[in-house]
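Okay, structure first, notes after.
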Amino acid sequence: MTGKLEDKVAIITGAGQGVGRGIALAMAKAGARCVIADFNEESGQQVVGELEGLGSEALFVRCDVTSRESVDAAVDRTIEVFGQLDVLVNNAQRAPLSPTSVMEHTDEIIDLCFDTGFRGSFRFMQAAYPHLKASRGKVINIASGAGLDGLAGQSAYGAAKEAIRALSKSAAREWGRDGINVNIICPLANSPGVATLLELAPEMEKRMTANQPLGRIGDCEEDIGPVAVFLASDDSRYVTGHTLPADGGNSMVR
Ligand SMILES: NC(=O)c1ccc[n+]([C@@H]2O[C@H](COP(=O)([O-])OP(=O)(O)OC[C@H]3O[C@@H](n4cnc5c(N)ncnc54)[C@H](O)[C@@H]3O)[C@@H](O)[C@H]2O)c1
């Protein structure tokens, strides 16, 4: 495949479905070889099949971002198979399935949000750093409007996403001279995760789009994928530490 990401190798965590899958499809169409790092083997293998169907090389690695061993093994396996790593997308995240008030949050819920999103991104960035330094690569971390603006019912999730942004900005400052760019996307898209949330709390859909200029929930591949391709490609070589909402204008970062 030819395109903006020709000869690049990308790890995308949580790419067995939703936004991660959309990013993988868009990156593969732009020429990248993608590593699907997900703890769900069935859906992850399905995405690998889809990418191979496009004529792209792809690899599934069963990986739990809450385990440092598992994260290190995923990076090692990527290097073993493809010999390089150019792009890391930290997308895997868990959150309460239905809105949970601040007062209802348990330590388990807070740990779930931080251990998947924040610590998972931290672990992957540490494991990937030497390889990204060698390739002068890119990190794309996925945050959320729930953190940028706050979201009733998702306080720990929003806080974990803001912690990811803080980590990203510090890493952008530390790693800039190594030629590594670190940027953040805040998506809004019709993933299976969002579909479940809307089934349990249908009133959320109005809240998601009521004040949004474009007035619709985006598509994981068509609306989020190209933004990730831009941040993974040399087109964004002078952009780092930045948050780019791909959310129809829901959040406007100052
Ligand atoms: N979809 C949206 O509108 C939206 C809005 C804001 C932010 N986000 C963020 O975008 C990212 C993707 O969201 P989504 O809606 O596609 O989610 P989703 O729930 O549909 O998919 C998440 C994927 O991550 C995987 N995963 C979960 N825990 C994991 C772990 N411990 N190790 C490895 N893989 C794991 C799951 O198996 C699944 O494939 C998340 O970071 C989410 O917070 C999404």
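So you can find residues: chains in the structure tokens are A, B, ... in the order shown, residues in each start at 1, and ligands are numbered from 1 in order.
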For this session: Enumerate as a PyMOL selection string the residues within 7 Å of ligand 1, counting only C-alpha atoms and all ligand atoms.
Result: chain A and resi 13-20+37-40+63-66+91-94+116-117+142-146+186-194
Emit the selected residues as an mmCIF file, in the first residue's frame, including C-alpha atoms.
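Below is the file that was written, again-v7.cif:
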```cif
data_model
loop_
_atom_site.group_PDB
_atom_site.id
_atom_site.type_symbol
_atom_site.label_atom_id
_atom_site.label_comp_id
_atom_site.auth_asym_id
_atom_site.auth_seq_id
_atom_site.Cartn_x
_atom_site.Cartn_y
_atom_site.Cartn_z
ATOM 1 C CA THR A 13 -3.976 -0.288 21.619
ATOM 2 C CA GLY A 14 -7.620 -1.288 22.010
ATOM 3 C CA ALA A 15 -7.944 -1.549 18.223
ATOM 4 C CA GLY A 16 -10.251 -4.593 18.307
ATOM 5 C CA GLN A 17 -13.226 -2.258 17.837
ATOM 6 C CA GLY A 18 -14.428 1.332 17.735
ATOM 7 C CA VAL A 19 -12.071 4.285 17.483
ATOM 8 C CA GLY A 20 -8.932 2.084 17.591
ATOM 9 C CA ALA A 37 -2.879 -4.674 20.680
ATOM 10 C CA ASP A 38 -6.093 -5.616 22.451
ATOM 11 C CA PHE A 39 -7.087 -7.955 25.278
ATOM 12 C CA ASN A 40 -9.976 -9.292 23.198
ATOM 13 C CA CYS A 63 -2.195 -7.401 25.330
ATOM 14 C CA ASP A 64 -3.589 -6.091 28.598
ATOM 15 C CA VAL A 65 -2.454 -2.502 29.065
ATOM 16 C CA THR A 66 -2.831 -2.856 32.849
ATOM 17 C CA ASN A 91 -6.382 4.228 22.713
ATOM 18 C CA ALA A 92 -7.385 1.417 25.147
ATOM 19 C CA GLN A 93 -9.497 2.680 28.026
ATOM 20 C CA ARG A 94 -12.225 1.435 30.306
ATOM 21 C CA THR A 116 -6.255 1.287 31.737
ATOM 22 C CA GLY A 117 -6.089 4.818 30.288
ATOM 23 C CA ILE A 142 -6.481 9.495 23.141
ATOM 24 C CA ALA A 143 -8.185 11.779 25.656
ATOM 25 C CA SER A 144 -11.775 13.032 25.868
ATOM 26 C CA GLY A 145 -14.140 15.968 26.026
ATOM 27 C CA ALA A 146 -15.199 14.384 29.339
ATOM 28 C CA CYS A 186 -10.245 13.888 21.768
ATOM 29 C CA PRO A 187 -12.698 11.942 19.588
ATOM 30 C CA LEU A 188 -16.467 11.689 19.426
ATOM 31 C CA ALA A 189 -17.510 8.643 17.400
ATOM 32 C CA ASN A 190 -20.049 5.854 17.055
ATOM 33 C CA SER A 191 -18.022 3.040 18.652
ATOM 34 C CA PRO A 192 -19.544 -0.062 20.280
ATOM 35 C CA GLY A 193 -18.522 1.482 23.632
ATOM 36 C CA VAL A 194 -20.574 4.618 22.933
#
```
For this session: Please provide as an MDAnalysis selection string all residues within 7 Å of Lys8 in chain A, with the sequence filter that same-chain residues fewer than 5 positions apart are discarded (counting only C-alpha atoms).
Result: chainID A and resid 32:33 86
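Using only C-alpha atoms, the smallest distance between any of A:Arg77, A:Lys161, A:Lys138, A:Arg21 and Val48 in chain A comes from A:Arg21.
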Can you build me a table of range 146-202 of chain A residues sitting at most 12 Å from range 242-252 of chain A, with the closest atom pair per residue and its distance in Å to one decimal, using only C-alpha atoms, sorted by chain and residue number, as JSON lines?
```
{"residue": "A:Ala146", "atom": "CA", "partner": "A:Ser251", "partner_atom": "CA", "distance": 9.5}
{"residue": "A:Gly147", "atom": "CA", "partner": "A:Ser251", "partner_atom": "CA", "distance": 10.1}
{"residue": "A:Leu148", "atom": "CA", "partner": "A:Ser251", "partner_atom": "CA", "distance": 7.2}
{"residue": "A:Asp149", "atom": "CA", "partner": "A:Ser251", "partner_atom": "CA", "distance": 7.1}
{"residue": "A:Gly150", "atom": "CA", "partner": "A:Ser251", "partner_atom": "CA", "distance": 10.5}
{"residue": "A:Leu151", "atom": "CA", "partner": "A:Ser251", "partner_atom": "CA", "distance": 11.9}
{"residue": "A:Lys161", "atom": "CA", "partner": "A:Thr243", "partner_atom": "CA", "distance": 11.6}
{"residue": "A:Glu162", "atom": "CA", "partner": "A:Thr243", "partner_atom": "CA", "distance": 10.8}
{"residue": "A:Ile164", "atom": "CA", "partner": "A:Thr243", "partner_atom": "CA", "distance": 10.9}
{"residue": "A:Arg165", "atom": "CA", "partner": "A:Thr243", "partner_atom": "CA", "distance": 7.8}
{"residue": "A:Ala166", "atom": "CA", "partner": "A:Thr243", "partner_atom": "CA", "distance": 10.6}
{"residue": "A:Leu167", "atom": "CA", "partner": "A:His242", "partner_atom": "CA", "distance": 11.9}
{"residue": "A:Ser168", "atom": "CA", "partner": "A:His242", "partner_atom": "CA", "distance": 8.6}
{"residue": "A:Lys169", "atom": "CA", "partner": "A:His242", "partner_atom": "CA", "distance": 7.6}
{"residue": "A:Ser170", "atom": "CA", "partner": "A:His242", "partner_atom": "CA", "distance": 11.2}
{"residue": "A:Ala171", "atom": "CA", "partner": "A:His242", "partner_atom": "CA", "distance": 11.5}
{"residue": "A:Ala172", "atom": "CA", "partner": "A:His242", "partner_atom": "CA", "distance": 8.9}
{"residue": "A:Arg173", "atom": "CA", "partner": "A:His242", "partner_atom": "CA", "distance": 11.2}
{"residue": "A:Asn181", "atom": "CA", "partner": "A:His242", "partner_atom": "CA", "distance": 9.5}
{"residue": "A:Val182", "atom": "CA", "partner": "A:His242", "partner_atom": "CA", "distance": 7.6}
{"residue": "A:Asn183", "atom": "CA", "partner": "A:His242", "partner_atom": "CA", "distance": 5.1}
{"residue": "A:Ile184", "atom": "CA", "partner": "A:Thr243", "partner_atom": "CA", "distance": 4.6}
{"residue": "A:Ile185", "atom": "CA", "partner": "A:Leu244", "partner_atom": "CA", "distance": 4.8}
{"residue": "A:Cys186", "atom": "CA", "partner": "A:Pro245", "partner_atom": "CA", "distance": 4.3}
{"residue": "A:Pro187", "atom": "CA", "partner": "A:Ala246", "partner_atom": "CA", "distance": 4.7}
{"residue": "A:Leu188", "atom": "CA", "partner": "A:Asp247", "partner_atom": "CA", "distance": 4.6}
{"residue": "A:Ala189", "atom": "CA", "partner": "A:Asp247", "partner_atom": "CA", "distance": 7.5}
{"residue": "A:Asn190", "atom": "CA", "partner": "A:Asp247", "partner_atom": "CA", "distance": 11.0}
```
Could I get the residues of range 123-168 of chain A with an atom no further than 9 Å from an atom of range 231-240 of chain A, each paired with its nearest atom pair and that distance in Å to one decimal, using only C-alpha atoms, sorted by chain and residue number, as a tab-separated table?
```
residue	atom	partner	partner_atom	distance
A:Gly137	CA	A:Ala232	CA	8.1
A:Lys138	CA	A:Ala232	CA	5.8
A:Val139	CA	A:Ala232	CA	7.6
A:Ile140	CA	A:Leu231	CA	7.1
```
With N, CA, C and O atoms retained, could you export that selection as a PDB file, in the first residue's frame?
```pdb
ATOM      1  N   GLY A 137       9.863   8.910  15.965  1.00  0.00           N
ATOM      2  CA  GLY A 137       8.462   8.528  15.766  1.00  0.00           C
ATOM      3  C   GLY A 137       7.445   9.456  16.405  1.00  0.00           C
ATOM      4  O   GLY A 137       7.748  10.578  16.815  1.00  0.00           O
ATOM      5  N   LYS A 138       6.221   8.959  16.470  1.00  0.00           N
ATOM      6  CA  LYS A 138       5.080   9.772  16.920  1.00  0.00           C
ATOM      7  C   LYS A 138       4.281   9.012  17.967  1.00  0.00           C
ATOM      8  O   LYS A 138       4.051   7.802  17.818  1.00  0.00           O
ATOM      9  N   VAL A 139       3.828   9.732  18.966  1.00  0.00           N
ATOM     10  CA  VAL A 139       2.879   9.180  19.939  1.00  0.00           C
ATOM     11  C   VAL A 139       1.563   9.939  19.778  1.00  0.00           C
ATOM     12  O   VAL A 139       1.562  11.170  19.693  1.00  0.00           O
ATOM     13  N   ILE A 140       0.482   9.183  19.713  1.00  0.00           N
ATOM     14  CA  ILE A 140      -0.857   9.797  19.705  1.00  0.00           C
ATOM     15  C   ILE A 140      -1.617   9.215  20.888  1.00  0.00           C
ATOM     16  O   ILE A 140      -1.832   7.996  20.961  1.00  0.00           O
TER      17      ILE A 140
END
```
Problem set entry | Given only C-alpha atoms as the counted atoms, nearest of A:Cys220, A:Met125, A:Ala210, A:Ala160 to Asp111 in chain A |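 Going through A:Cys220, A:Met125, A:Ala210, A:Ala160 one by one, the smallest distance to Asp111 in chain A is for A:Ala160.
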For this session: Would you return as number ranges by chain the members of range 6-222 of chain A that DSSP assigns to strand (DSSP E or B) on this structure's backbone?
Result: A: 9-13, 33-38, 58-62, 87-90, 100, 138-142, 154, 181-187, 189, 218
